[in-house]
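Okay, run06.txt is below, compact mmCIF, C-alpha atoms:
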# COMPACT_ATOMS: atom_id res chain seq x y z
CA MET A 1 -42.26 -20.98 24.05
CA LEU A 2 -42.09 -19.20 27.41
CA MET A 3 -38.98 -17.26 28.37
CA ARG A 4 -39.45 -18.22 32.01
CA GLU A 5 -39.15 -21.89 31.11
CA LEU A 6 -35.95 -21.29 29.16
CA ILE A 7 -34.47 -19.37 32.09
CA GLU A 8 -35.30 -22.23 34.45
CA LYS A 9 -33.86 -24.78 32.03
CA LYS A 10 -30.52 -22.97 31.81
CA ARG A 11 -30.54 -22.16 35.54
CA ASP A 12 -30.76 -25.87 36.28
CA GLY A 13 -27.90 -26.75 33.93
CA GLY A 14 -29.92 -27.79 30.89
CA GLU A 15 -28.88 -27.30 27.27
CA LEU A 16 -30.94 -24.93 25.16
CA SER A 17 -31.84 -26.08 21.66
CA ARG A 18 -31.00 -24.10 18.52
CA GLU A 19 -34.69 -23.30 18.08
CA GLU A 20 -34.99 -22.01 21.65
CA ILE A 21 -31.90 -19.82 21.29
CA CYS A 22 -33.10 -18.40 17.95
CA TRP A 23 -36.53 -17.64 19.41
CA MET A 24 -35.01 -15.96 22.46
CA THR A 25 -32.52 -13.87 20.45
CA GLU A 26 -35.12 -12.73 17.95
CA GLY A 27 -37.61 -11.91 20.69
CA TYR A 28 -35.16 -9.84 22.68
CA THR A 29 -33.91 -7.98 19.60
CA ARG A 30 -37.40 -6.94 18.53
CA GLY A 31 -38.47 -6.09 22.10
CA SER A 32 -40.99 -8.81 22.94
CA ILE A 33 -38.73 -10.22 25.67
CA PRO A 34 -38.08 -7.65 28.43
CA ASP A 35 -34.69 -6.71 29.88
CA TYR A 36 -35.45 -8.30 33.25
CA GLN A 37 -35.98 -11.74 31.73
CA MET A 38 -32.93 -11.52 29.48
CA SER A 39 -30.89 -10.33 32.49
CA ALA A 40 -31.90 -13.49 34.32
CA MET A 41 -30.89 -15.60 31.31
CA LEU A 42 -27.51 -13.87 31.03
CA MET A 43 -26.80 -14.55 34.70
CA ALA A 44 -27.82 -18.20 34.26
CA ILE A 45 -25.41 -18.47 31.32
CA TYR A 46 -22.70 -16.75 33.35
CA PHE A 47 -22.91 -19.41 36.06
CA ARG A 48 -23.86 -22.47 33.96
CA GLY A 49 -21.94 -21.73 30.78
CA MET A 50 -22.92 -22.95 27.33
CA THR A 51 -21.98 -25.98 25.26
CA GLU A 52 -20.26 -25.53 21.91
CA ASP A 53 -23.56 -26.23 20.14
CA GLU A 54 -25.31 -23.58 22.22
CA THR A 55 -22.53 -21.05 21.61
CA LEU A 56 -22.65 -21.69 17.86
CA ALA A 57 -26.45 -21.35 17.86
CA LEU A 58 -26.29 -18.06 19.76
CA THR A 59 -23.55 -16.73 17.48
CA MET A 60 -25.53 -17.56 14.32
CA ALA A 61 -28.78 -16.19 15.78
CA MET A 62 -27.05 -12.92 16.65
CA MET A 63 -25.39 -12.76 13.22
CA HIS A 64 -28.78 -13.12 11.49
CA SER A 65 -30.47 -10.56 13.77
CA GLY A 66 -29.66 -7.87 11.20
CA GLY A 67 -28.00 -7.44 7.85
CA VAL A 68 -25.21 -9.75 6.68
CA ILE A 69 -22.67 -8.34 4.25
CA ASP A 70 -22.31 -10.22 0.97
CA LEU A 71 -18.77 -9.72 -0.31
CA GLY A 72 -19.55 -11.40 -3.62
CA ALA A 73 -18.84 -8.11 -5.39
CA VAL A 74 -15.26 -8.18 -4.06
CA HIS A 75 -12.86 -10.17 -6.22
CA GLY A 76 -10.34 -12.64 -4.79
CA ILE A 77 -9.59 -13.80 -1.26
CA LYS A 78 -11.32 -11.79 1.48
CA ALA A 79 -9.89 -11.68 5.00
CA ASP A 80 -10.73 -9.94 8.27
CA LYS A 81 -8.84 -9.38 11.50
CA HIS A 82 -10.13 -8.70 14.99
CA SER A 83 -8.33 -7.69 18.17
CA THR A 84 -9.76 -8.19 21.64
CA GLY A 85 -8.37 -4.74 22.46
CA GLY A 86 -5.37 -3.30 24.20
CA VAL A 87 -3.25 -0.22 24.80
CA GLY A 88 -1.49 1.18 21.74
CA ASP A 89 -3.14 -1.31 19.40
CA LYS A 90 -2.84 0.24 15.95
CA THR A 91 -2.23 -3.05 14.12
CA SER A 92 -4.95 -2.71 11.47
CA LEU A 93 -3.39 0.53 10.20
CA ALA A 94 -0.24 -1.34 9.16
CA LEU A 95 -1.59 -4.84 8.56
CA CYS A 96 -4.34 -3.98 6.06
CA PRO A 97 -1.98 -2.24 3.59
CA MET A 98 0.51 -5.11 3.94
CA MET A 99 -2.17 -7.68 3.10
CA ALA A 100 -3.48 -5.58 0.22
CA ALA A 101 0.05 -5.54 -1.23
CA GLN A 102 -0.06 -9.36 -1.14
CA GLY A 103 -3.33 -9.49 -3.09
CA VAL A 104 -5.55 -10.30 -0.09
CA LYS A 105 -8.66 -8.09 0.12
CA MET A 106 -9.41 -6.65 3.56
CA ALA A 107 -13.00 -5.38 3.86
CA LYS A 108 -13.04 -4.16 7.44
CA LEU A 109 -15.80 -2.63 9.53
CA SER A 110 -14.54 -0.87 12.66
CA GLY A 111 -15.97 1.18 15.46
CA ARG A 112 -15.10 4.19 17.54
CA GLY A 113 -13.39 3.67 20.86
CA LEU A 114 -14.85 4.04 24.33
CA GLY A 115 -11.95 4.09 26.77
CA HIS A 116 -8.30 5.05 26.81
CA THR A 117 -7.96 5.90 23.09
CA GLY A 118 -10.19 6.12 20.08
CA GLY A 119 -10.94 3.13 17.91
CA THR A 120 -9.51 2.54 14.44
CA ILE A 121 -12.09 4.90 12.95
CA ASP A 122 -11.03 7.72 15.28
CA LYS A 123 -7.34 7.15 14.56
CA LEU A 124 -7.91 7.28 10.81
CA GLU A 125 -9.54 10.70 11.19
CA SER A 126 -6.07 12.02 12.02
CA PHE A 127 -5.80 12.25 8.23
CA SER A 128 -7.54 15.55 7.45
CA GLY A 129 -10.60 15.09 5.26
CA LEU A 130 -10.69 11.30 5.51
CA SER A 131 -14.20 9.89 5.95
CA THR A 132 -15.09 6.34 6.93
CA SER A 133 -18.78 6.92 6.24
CA MET A 134 -19.66 5.56 2.80
CA SER A 135 -22.18 3.57 0.81
CA MET A 136 -21.67 -0.16 0.47
CA ASP A 137 -21.11 0.30 -3.27
CA LYS A 138 -18.18 2.63 -2.58
CA PHE A 139 -16.93 0.28 0.14
CA PHE A 140 -16.82 -2.64 -2.31
CA ARG A 141 -15.28 -0.47 -5.03
CA ASP A 142 -12.49 0.74 -2.73
CA VAL A 143 -11.73 -2.80 -1.59
CA ASN A 144 -11.46 -3.94 -5.21
CA GLU A 145 -9.39 -0.98 -6.39
CA VAL A 146 -7.18 -0.30 -3.35
CA GLY A 147 -7.08 -3.77 -1.84
CA PHE A 148 -8.67 -2.77 1.45
CA ALA A 149 -11.17 -0.39 3.00
CA ILE A 150 -12.02 0.44 6.60
CA ALA A 151 -15.50 1.80 7.19
CA GLY A 152 -17.66 2.60 10.19
CA GLN A 153 -20.03 -0.11 11.36
CA THR A 154 -23.56 0.16 10.00
CA ALA A 155 -26.49 0.24 12.40
CA ASP A 156 -28.12 -2.89 11.01
CA ILE A 157 -25.14 -5.22 11.56
CA VAL A 158 -25.82 -7.58 14.51
CA PRO A 159 -28.32 -5.40 16.41
CA ALA A 160 -28.75 -8.25 18.91
CA ASP A 161 -25.16 -7.73 20.08
CA LYS A 162 -25.69 -4.03 20.70
CA LYS A 163 -28.67 -4.75 22.96
CA LEU A 164 -27.10 -7.74 24.68
CA TYR A 165 -23.77 -6.07 25.33
CA ALA A 166 -25.44 -3.03 26.89
CA LEU A 167 -27.36 -5.38 29.19
CA ARG A 168 -24.28 -7.45 30.02
CA ASP A 169 -22.43 -4.27 30.93
CA VAL A 170 -24.95 -3.37 33.65
CA THR A 171 -25.63 -6.89 34.95
CA GLY A 172 -22.06 -8.02 35.64
CA THR A 173 -22.11 -10.70 32.94
CA VAL A 174 -19.49 -9.30 30.53
CA PRO A 175 -16.80 -11.88 31.53
CA SER A 176 -18.86 -14.89 30.39
CA ARG A 177 -16.74 -16.68 27.77
CA PRO A 178 -19.56 -18.00 25.55
CA LEU A 179 -21.12 -14.53 25.54
CA ILE A 180 -17.77 -12.97 24.59
CA VAL A 181 -17.30 -15.53 21.81
CA SER A 182 -20.81 -14.95 20.42
CA SER A 183 -20.40 -11.18 20.57
CA ILE A 184 -17.12 -11.14 18.67
CA MET A 185 -17.78 -13.93 16.19
CA SER A 186 -21.30 -12.83 15.25
CA LYS A 187 -19.87 -9.49 14.04
CA LYS A 188 -16.95 -11.11 12.23
CA LEU A 189 -19.21 -13.64 10.49
CA ALA A 190 -21.68 -10.92 9.51
CA ALA A 191 -18.83 -9.02 7.82
CA GLY A 192 -18.62 -11.77 5.20
CA ALA A 193 -14.88 -12.54 4.92
CA ASP A 194 -13.54 -15.96 3.91
CA ILE A 195 -10.70 -15.85 6.46
CA ILE A 196 -10.83 -14.57 10.04
CA VAL A 197 -7.68 -14.04 12.11
CA LEU A 198 -8.04 -13.05 15.77
CA ASP A 199 -5.53 -11.20 17.94
CA VAL A 200 -6.30 -12.31 21.50
CA LYS A 201 -4.53 -10.15 24.07
CA THR A 202 -3.33 -11.45 27.42
CA GLY A 203 -1.92 -9.65 30.47
CA SER A 204 -2.51 -6.64 32.70
CA GLY A 205 -3.67 -4.36 29.89
CA ALA A 206 -5.99 -6.96 28.34
CA PHE A 207 -9.52 -8.09 29.08
CA MET A 208 -8.20 -11.62 29.66
CA LYS A 209 -5.52 -11.32 32.35
CA THR A 210 -4.12 -14.87 32.26
CA GLU A 211 -2.71 -16.97 29.43
CA GLU A 212 -5.02 -19.83 30.42
CA ASP A 213 -8.13 -17.70 29.92
CA SER A 214 -6.75 -16.12 26.74
CA PHE A 215 -5.98 -19.46 25.10
CA ALA A 216 -9.39 -20.82 26.13
CA LEU A 217 -11.07 -17.82 24.48
CA ALA A 218 -8.90 -18.21 21.37
CA ARG A 219 -9.74 -21.92 21.04
CA ASP A 220 -13.45 -21.25 21.44
CA MET A 221 -13.51 -18.51 18.81
CA VAL A 222 -11.48 -20.52 16.31
CA SER A 223 -13.80 -23.50 16.81
CA ILE A 224 -16.94 -21.39 16.26
CA GLY A 225 -15.41 -19.78 13.18
CA ARG A 226 -14.63 -23.16 11.65
CA LEU A 227 -18.03 -24.59 12.50
CA ALA A 228 -19.52 -21.58 10.71
CA GLY A 229 -17.53 -22.48 7.60
CA LYS A 230 -14.74 -19.90 7.85
CA LYS A 231 -10.98 -20.43 7.82
CA THR A 232 -10.06 -19.16 11.27
CA ALA A 233 -6.93 -18.79 13.39
CA ALA A 234 -5.95 -16.88 16.52
CA VAL A 235 -2.69 -15.43 17.83
CA VAL A 236 -2.37 -14.93 21.59
CA THR A 237 -0.21 -11.85 22.25
CA ASP A 238 1.24 -10.01 25.24
CA MET A 239 -0.48 -6.95 26.67
CA ASP A 240 1.46 -6.56 29.93
CA GLN A 241 2.86 -3.41 28.35
CA PRO A 242 1.55 -1.20 25.51
CA LEU A 243 1.94 -2.46 21.96
CA GLY A 244 4.67 -0.55 20.16
CA HIS A 245 5.76 2.84 21.49
CA ALA A 246 2.85 5.21 20.81
CA VAL A 247 -0.43 5.51 22.71
CA GLY A 248 -2.77 8.16 21.32
CA ASN A 249 -4.58 8.53 18.03
CA ALA A 250 -2.36 10.56 15.65
CA LEU A 251 0.74 9.26 17.45
CA GLU A 252 -0.32 5.68 16.72
CA VAL A 253 -0.99 6.52 13.07
CA LYS A 254 2.53 7.95 12.78
CA GLU A 255 3.98 4.78 14.29
CA ALA A 256 2.04 2.52 11.91
CA VAL A 257 3.29 4.59 8.96
CA ALA A 258 6.85 4.32 10.30
CA VAL A 259 6.51 0.52 10.23
CA LEU A 260 5.31 0.63 6.61
CA LYS A 261 8.24 2.89 5.69
CA GLY A 262 10.66 0.37 7.18
CA GLU A 263 11.78 2.92 9.77
CA GLN A 264 10.58 0.97 12.80
CA GLY A 265 10.59 -2.68 13.77
CA GLY A 266 9.87 -4.04 17.22
CA ASP A 267 6.71 -5.65 18.53
CA LEU A 268 4.24 -3.83 16.23
CA LEU A 269 5.99 -5.17 13.14
CA GLU A 270 6.30 -8.62 14.70
CA LEU A 271 2.57 -8.72 15.39
CA CYS A 272 1.75 -7.68 11.83
CA LEU A 273 4.03 -10.43 10.53
CA ALA A 274 2.43 -13.03 12.81
CA LEU A 275 -1.17 -12.10 11.93
CA GLY A 276 -0.35 -11.56 8.26
CA GLY A 277 1.47 -14.88 8.17
CA CYS A 278 -1.63 -16.68 9.45
CA ILE A 279 -3.79 -15.01 6.79
CA MET A 280 -1.36 -15.87 4.00
CA GLN A 281 -1.10 -19.51 5.03
CA LEU A 282 -4.88 -19.86 5.35
CA ALA A 283 -5.20 -18.21 1.92
CA GLY A 284 -2.71 -20.62 0.38
CA LEU A 285 -0.32 -17.80 -0.53
CA ALA A 286 2.50 -19.13 1.66
CA GLN A 287 3.39 -22.66 2.66
CA SER A 288 5.19 -21.72 5.86
CA GLU A 289 5.56 -18.95 8.42
CA ASP A 290 9.05 -18.14 7.06
CA GLU A 291 7.80 -17.79 3.48
CA ALA A 292 4.94 -15.52 4.58
CA ARG A 293 7.31 -13.40 6.66
CA GLU A 294 9.70 -12.97 3.73
CA LYS A 295 6.90 -11.83 1.40
CA LEU A 296 5.47 -9.40 3.96
CA LEU A 297 8.85 -7.82 4.64
CA GLU A 298 9.40 -7.46 0.91
CA CYS A 299 6.23 -5.37 0.50
CA ILE A 300 7.62 -2.98 3.12
CA GLU A 301 11.06 -2.85 1.50
CA ASN A 302 9.71 -2.16 -1.99
CA GLY A 303 7.23 0.48 -0.75
CA SER A 304 4.10 -1.26 -2.07
CA ALA A 305 2.44 -1.51 1.38
CA LEU A 306 2.98 2.22 2.05
CA GLU A 307 1.58 3.03 -1.39
CA ARG A 308 -1.57 1.02 -0.60
CA LEU A 309 -2.11 3.09 2.55
CA ALA A 310 -1.70 6.30 0.54
CA ASP A 311 -4.20 4.98 -2.03
CA TYR A 312 -6.66 4.20 0.76
CA VAL A 313 -6.35 7.63 2.41
CA GLU A 314 -6.87 9.35 -0.95
CA ALA A 315 -9.84 7.12 -1.87
CA GLN A 316 -11.57 8.06 1.39
CA GLY A 317 -11.12 11.82 1.05
CA GLY A 318 -7.75 12.48 2.66
CA SER A 319 -4.44 13.61 1.19
CA ARG A 320 -1.94 10.91 0.24
CA GLY A 321 0.78 13.44 1.04
CA ASP A 322 -0.04 13.03 4.75
CA VAL A 323 1.12 9.41 4.51
CA TYR A 324 4.51 10.36 3.12
CA ASP A 325 4.89 13.31 5.50
CA THR A 326 3.29 12.53 8.86
CA SER A 327 4.44 15.85 10.33
CA ARG A 328 1.24 17.16 8.72
CA LEU A 329 -0.87 15.08 11.13
CA PRO A 330 -2.23 16.62 14.37
CA LEU A 331 0.53 17.60 16.81
CA ALA A 332 -0.04 18.55 20.46
CA PRO A 333 1.27 22.01 21.46
CA VAL A 334 3.17 20.65 24.49
CA GLN A 335 5.73 17.82 24.53
CA LEU A 336 7.26 16.99 27.90
CA GLU A 337 10.04 14.46 28.42
CA VAL A 338 9.87 11.99 31.31
CA LYS A 339 13.31 11.19 32.73
CA ALA A 340 14.48 8.09 34.59
CA THR A 341 15.42 8.88 38.17
CA CYS A 342 17.72 5.87 38.42
CA GLY A 343 19.72 3.53 36.24
CA GLY A 344 19.15 -0.16 35.68
CA TRP A 345 16.56 -1.99 33.60
CA VAL A 346 12.90 -1.32 32.90
CA SER A 347 11.11 -4.20 34.64
CA ALA A 348 7.49 -3.30 33.85
CA ILE A 349 5.25 -0.70 32.25
CA ASP A 350 1.65 -0.76 33.48
CA ALA A 351 -0.28 -0.90 30.20
CA GLN A 352 -3.64 -0.11 31.77
CA GLU A 353 -2.29 2.95 33.57
CA VAL A 354 -0.63 4.25 30.40
CA GLY A 355 -4.01 3.92 28.72
CA ASN A 356 -5.68 5.80 31.56
CA ILE A 357 -3.08 8.58 31.28
CA CYS A 358 -3.94 8.96 27.60
CA LEU A 359 -7.64 9.09 28.49
CA ARG A 360 -7.05 11.83 31.08
CA LEU A 361 -5.09 13.82 28.50
CA GLY A 362 -8.19 13.78 26.29
CA GLY A 363 -7.12 11.02 23.89
CA GLY A 364 -10.09 8.77 24.66
CA ARG A 365 -13.75 8.83 25.60
CA ALA A 366 -14.95 8.61 29.19
CA GLU A 367 -18.47 8.74 27.74
CA LYS A 368 -19.63 7.81 24.25
CA ASP A 369 -20.35 11.44 23.31
CA SER A 370 -16.97 12.76 24.52
CA GLU A 371 -14.84 14.60 21.98
CA ILE A 372 -11.35 13.20 21.37
CA ASP A 373 -8.18 15.25 21.05
CA LEU A 374 -6.40 13.36 18.27
CA SER A 375 -3.02 14.95 19.00
CA VAL A 376 -2.40 13.94 22.62
CA GLY A 377 -0.90 10.81 24.13
CA VAL A 378 2.34 9.17 25.17
CA VAL A 379 5.38 7.94 23.23
CA LEU A 380 7.50 5.42 25.12
CA ARG A 381 11.22 5.52 24.38
CA LEU A 382 11.97 2.28 26.25
CA LYS A 383 10.15 -1.03 26.74
CA ALA A 384 10.27 -3.63 29.52
CA GLY A 385 13.59 -5.51 29.54
CA GLU A 386 15.66 -2.64 28.14
CA ALA A 387 18.55 -0.96 29.99
CA VAL A 388 18.17 2.62 31.18
CA LYS A 389 20.54 5.27 32.52
CA ALA A 390 19.66 7.83 35.20
CA GLY A 391 18.43 11.00 33.51
CA GLU A 392 17.63 9.21 30.24
CA THR A 393 14.31 10.03 28.58
CA ILE A 394 11.96 7.09 29.05
CA ALA A 395 8.87 8.67 27.47
CA VAL A 396 7.45 11.86 25.98
CA VAL A 397 4.02 13.17 26.96
CA HIS A 398 2.05 15.01 24.24
CA ALA A 399 -0.55 17.31 25.84
CA SER A 400 -2.75 20.31 25.14
CA ASP A 401 -1.33 22.33 28.04
CA LEU A 402 1.62 22.28 30.43
CA ALA A 403 -0.41 21.47 33.55
CA GLY A 404 -1.89 18.39 31.93
CA ALA A 405 1.54 17.35 30.65
CA GLU A 406 3.12 17.63 34.10
CA GLU A 407 0.34 15.62 35.74
CA ALA A 408 0.63 12.93 33.04
CA ALA A 409 4.43 12.83 33.35
CA SER A 410 4.17 12.22 37.10
CA SER A 411 1.65 9.42 36.59
CA LEU A 412 3.72 7.91 33.81
CA ALA A 413 6.86 7.82 35.95
CA ALA A 414 4.87 5.92 38.61
CA ALA A 415 3.60 3.46 35.98
CA CYS A 416 7.14 2.36 35.14
CA SER A 417 9.08 -0.03 37.37
CA PHE A 418 12.85 -0.54 37.40
CA SER A 419 15.29 -3.24 38.46
CA ASP A 420 18.97 -3.20 39.45
CA SER A 421 19.55 -6.45 37.56
CA PRO A 422 18.78 -7.46 33.96
CA VAL A 423 15.16 -8.31 33.22
CA GLU A 424 14.14 -10.92 30.67
CA ARG A 425 12.20 -9.42 27.77
CA ARG A 426 8.67 -10.75 27.41
CA GLU A 427 7.72 -12.76 24.38
CA LEU A 428 5.11 -10.89 22.32
CA ILE A 429 3.67 -13.96 20.61
CA ARG A 430 2.51 -16.39 23.27
CA GLY A 431 1.09 -18.93 20.84
CA VAL A 432 -1.03 -19.60 17.76
CA VAL A 433 -4.33 -21.49 17.67
CA LYS A 434 -5.27 -22.98 14.30
Conversion result in structure tokens:
Amino acid sequence: MLMRELIEKKRDGGELSREEICWMTEGYTRGSIPDYQMSAMLMAIYFRGMTEDETLALTMAMMHSGGVIDLGAVHGIKADKHSTGGVGDKTSLALCPMMAAQGVKMAKLSGRGLGHTGGTIDKLESFSGLSTSMSMDKFFRDVNEVGFAIAGQTADIVPADKKLYALRDVTGTVPSRPLIVSSIMSKKLAAGADIIVLDVKTGSGAFMKTEEDSFALARDMVSIGRLAGKKTAAVVTDMDQPLGHAVGNALEVKEAVAVLKGEQGGDLLELCLALGGCIMQLAGLAQSEDEAREKLLECIENGSALERLADYVEAQGGSRGDVYDTSRLPLAPVQLEVKATCGGWVSAIDAQEVGNICLRLGGGRAEKDSEIDLSVGVVLRLKAGEAVKAGETIAVVHASDLAGAEEAASSLAAACSFSDSPVERRELIRGVVK
């Protein structure tokens, strides 16, 4: 085959065969196809799109470009969850223990964050001594004994995606839906779970800004998952404002623990119930959304979900005492309250700007080698749709110094909008794709 001919075929609207896609993916991964030719192909795909058969072929070719995890050593039902990203998204920290308490094994590979906050791996390092670097034998053992484990991604999982994403990032082809689907689903399929549930964000703080685009992405990913032989569902959720109240690594861990202790409800709990409900129904452990919800709330009320998190932290080198007493987690030296200058109702909170504020405080990475301050961030006291009085605290900035706190407080005040009349609260769950 000649790469030039494949580029011309896709440029002119043709459909690439499975063999052609496999040859192209393998060649680019091992270096025999140069960046300039793959850049041309990515741009052709961006403009011409891909059929479902092409998208499936690309996904499977990327999945098989490196190692594929065999979860045969893990007993019982294995599930995985993926989020398309957002501000304040700490869902895995609460959801995994909840599912483990229901007997569903969660063997999750996660990465570090590049952007407004750290990734799940960074957040977990708020527990002193906890390590997410481990052998696969220990990973399987922890999943079997604890019910879940979260480990750092290994270098040999889907190497094609690492190369392709870096190229997409510099060629303006990141927004291509078939390329997004293949990138996400190749990694989820390589992780080996029986059940995949996807949290697809929509709104100003999400990659997909409109519900139309978000549902289209959700349908495509669910279809590819099913064609690959996995039970798959997606939940489309709001990201016009941050998820929950905390944005920042240790702050988000504390919020997730508060949910597991039954001390906090709100949208973070609702999202865990929605995603967990999908997993339980796909696993045959609940016949309806109501039954799943009842069982998940019970594992919070009886403390079994919190105990699973403590077991996990201890198994990976941390102290289980940190779970029961989160005051031992990193705490920023400066906390500055942000006050409302007028009364009324909170009409909007710019999720993306809140994320950027956290990044400027040092809670995220502007570059991949940047060091994260786990203690800093923002805690929102109010959400969009809630009433507010003049002088009431609407948020608290956690910072390493007063100057940074004051700058963040000013930016945060500007990121919040207010109305003189009541504002309808946004629905968190926009829909489910099964």
Point-to-point distance from CA of Leu93 in chain A to CA of Ala256 in chain A, Å rounded to tenths: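 These two atoms are separated by 6.0 Å.
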Surrounding residues of range 332-335 of chain A excluding itself and chain neighbours under 4 positions, 12 Å, only C-alpha atoms, as an MDAnalysis selection string: chainID A and resid 248:251 327:328 361:363 373:379 395:406 408:409
File dump, residues just selected, C-alpha atoms, as a short mmCIF file (atom, residue, chain, number, x, y, z; two decimals), keeping the file's coordinate frame:
data_model
loop_
_atom_site.label_atom_id
_atom_site.label_comp_id
_atom_site.auth_asym_id
_atom_site.auth_seq_id
_atom_site.Cartn_x
_atom_site.Cartn_y
_atom_site.Cartn_z
CA GLY A 248 -2.77 8.16 21.32
CA ASN A 249 -4.58 8.53 18.03
CA ALA A 250 -2.36 10.56 15.65
CA LEU A 251 0.74 9.26 17.45
CA SER A 327 4.44 15.85 10.33
CA ARG A 328 1.24 17.16 8.72
CA LEU A 361 -5.09 13.82 28.50
CA GLY A 362 -8.19 13.78 26.29
CA GLY A 363 -7.12 11.02 23.89
CA ASP A 373 -8.18 15.25 21.05
CA LEU A 374 -6.40 13.36 18.27
CA SER A 375 -3.02 14.95 19.00
CA VAL A 376 -2.40 13.94 22.62
CA GLY A 377 -0.90 10.81 24.13
CA VAL A 378 2.34 9.17 25.17
CA VAL A 379 5.38 7.94 23.23
CA ALA A 395 8.87 8.67 27.47
CA VAL A 396 7.45 11.86 25.98
CA VAL A 397 4.02 13.17 26.96
CA HIS A 398 2.05 15.01 24.24
CA ALA A 399 -0.55 17.31 25.84
CA SER A 400 -2.75 20.31 25.14
CA ASP A 401 -1.33 22.33 28.04
CA LEU A 402 1.62 22.28 30.43
CA ALA A 403 -0.41 21.47 33.55
CA GLY A 404 -1.89 18.39 31.93
CA ALA A 405 1.54 17.35 30.65
CA GLU A 406 3.12 17.63 34.10
CA ALA A 408 0.63 12.93 33.04
CA ALA A 409 4.43 12.83 33.35
#
Exercise: Lys163 in chain A partners within 10 Å, all atoms listed in the file, chain neighbours under 2 positions left out, as JSON, numbers by chain: {"A": [28, 29, 31, 35, 158, 159, 160, 161, 165, 166, 167, 168]}
Would you write out those residues with C-alpha atoms, as a short mmCIF file (atom, residue, chain, number, x, y, z; two decimals), in the coordinates of the input?
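Saved file again_12.cif follows:
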data_model
loop_
_atom_site.label_atom_id
_atom_site.label_comp_id
_atom_site.auth_asym_id
_atom_site.auth_seq_id
_atom_site.Cartn_x
_atom_site.Cartn_y
_atom_site.Cartn_z
CA TYR A 28 -35.16 -9.84 22.68
CA THR A 29 -33.91 -7.98 19.60
CA GLY A 31 -38.47 -6.09 22.10
CA ASP A 35 -34.69 -6.71 29.88
CA VAL A 158 -25.82 -7.58 14.51
CA PRO A 159 -28.32 -5.40 16.41
CA ALA A 160 -28.75 -8.25 18.91
CA ASP A 161 -25.16 -7.73 20.08
CA TYR A 165 -23.77 -6.07 25.33
CA ALA A 166 -25.44 -3.03 26.89
CA LEU A 167 -27.36 -5.38 29.19
CA ARG A 168 -24.28 -7.45 30.02
#
Please provide as a compact mmCIF listing (two decimals) with C-alpha atoms, in the frame of the given file all residues within 6 Å of Met106 in chain A, with the sequence filter that same-chain residues fewer than 3 positions apart are discarded (counting only C-alpha atoms).
# COMPACT_ATOMS: atom_id res chain seq x y z
CA LYS A 78 -11.32 -11.79 1.48
CA ALA A 79 -9.89 -11.68 5.00
CA ASP A 80 -10.73 -9.94 8.27
CA PHE A 148 -8.67 -2.77 1.45
Could I get the residues of range 235-354 of chain A with an atom no further than 8 Å from an atom of range 137-146 of chain A, each paired with its nearest atom pair and that distance in Å to one decimal, using all atoms listed in the file, sorted by chain and residue number, as a tab-separated table?
residue	atom	partner	partner_atom	distance
A:Arg308	CA	A:Val146	CA	6.4
A:Asp311	CA	A:Val146	CA	6.2
A:Tyr312	CA	A:Val146	CA	6.1
A:Ala315	CA	A:Asp142	CA	7.0
Could you check the closest approach to Glu298 in chain A for each of A:Thr91, A:Gln102, A:Gln352, A:Ser186 and tell me which residue wins, using only C-alpha atoms?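 Among A:Thr91, A:Gln102, A:Gln352, A:Ser186, it is A:Gln102 that comes nearest to Glu298 in chain A.
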Please identify all polymer residues lying at most 12 Å from the point (-19.6, -10.5, 20.6) (file coordinates), using only C-alpha atoms, and present the result as a count of residues only. 41
Of the residues A:Ala390, A:Ile7, A:Ala305, A:Ala107, which is the one nearest to Ala73 in chain A, using only C-alpha atoms?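 Going through A:Ala390, A:Ile7, A:Ala305, A:Ala107 one by one, the smallest distance to Ala73 in chain A is for A:Ala107.
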If we count only C-alpha atoms, what is near range 282-288 of chain A at a cut-off of 12 Å, once residues fewer than 2 positions away on the same chain are taken out, given as a short mmCIF file (atom, residue, chain, number, x, y, z; two decimals) with C-alpha atoms, keeping the file's coordinate frame?
data_model
loop_
_atom_site.label_atom_id
_atom_site.label_comp_id
_atom_site.auth_asym_id
_atom_site.auth_seq_id
_atom_site.Cartn_x
_atom_site.Cartn_y
_atom_site.Cartn_z
CA GLY A 76 -10.34 -12.64 -4.79
CA ILE A 77 -9.59 -13.80 -1.26
CA LYS A 78 -11.32 -11.79 1.48
CA ALA A 79 -9.89 -11.68 5.00
CA ASP A 80 -10.73 -9.94 8.27
CA MET A 99 -2.17 -7.68 3.10
CA GLN A 102 -0.06 -9.36 -1.14
CA GLY A 103 -3.33 -9.49 -3.09
CA VAL A 104 -5.55 -10.30 -0.09
CA LYS A 105 -8.66 -8.09 0.12
CA ALA A 193 -14.88 -12.54 4.92
CA ASP A 194 -13.54 -15.96 3.91
CA ILE A 195 -10.70 -15.85 6.46
CA ILE A 196 -10.83 -14.57 10.04
CA VAL A 197 -7.68 -14.04 12.11
CA LYS A 230 -14.74 -19.90 7.85
CA LYS A 231 -10.98 -20.43 7.82
CA THR A 232 -10.06 -19.16 11.27
CA ALA A 233 -6.93 -18.79 13.39
CA ALA A 234 -5.95 -16.88 16.52
CA ALA A 274 2.43 -13.03 12.81
CA LEU A 275 -1.17 -12.10 11.93
CA GLY A 276 -0.35 -11.56 8.26
CA GLY A 277 1.47 -14.88 8.17
CA CYS A 278 -1.63 -16.68 9.45
CA ILE A 279 -3.79 -15.01 6.79
CA MET A 280 -1.36 -15.87 4.00
CA ASP A 290 9.05 -18.14 7.06
CA GLU A 291 7.80 -17.79 3.48
CA ALA A 292 4.94 -15.52 4.58
CA ARG A 293 7.31 -13.40 6.66
CA GLU A 294 9.70 -12.97 3.73
CA LYS A 295 6.90 -11.83 1.40
CA LEU A 296 5.47 -9.40 3.96
CA LYS A 434 -5.27 -22.98 14.30
#
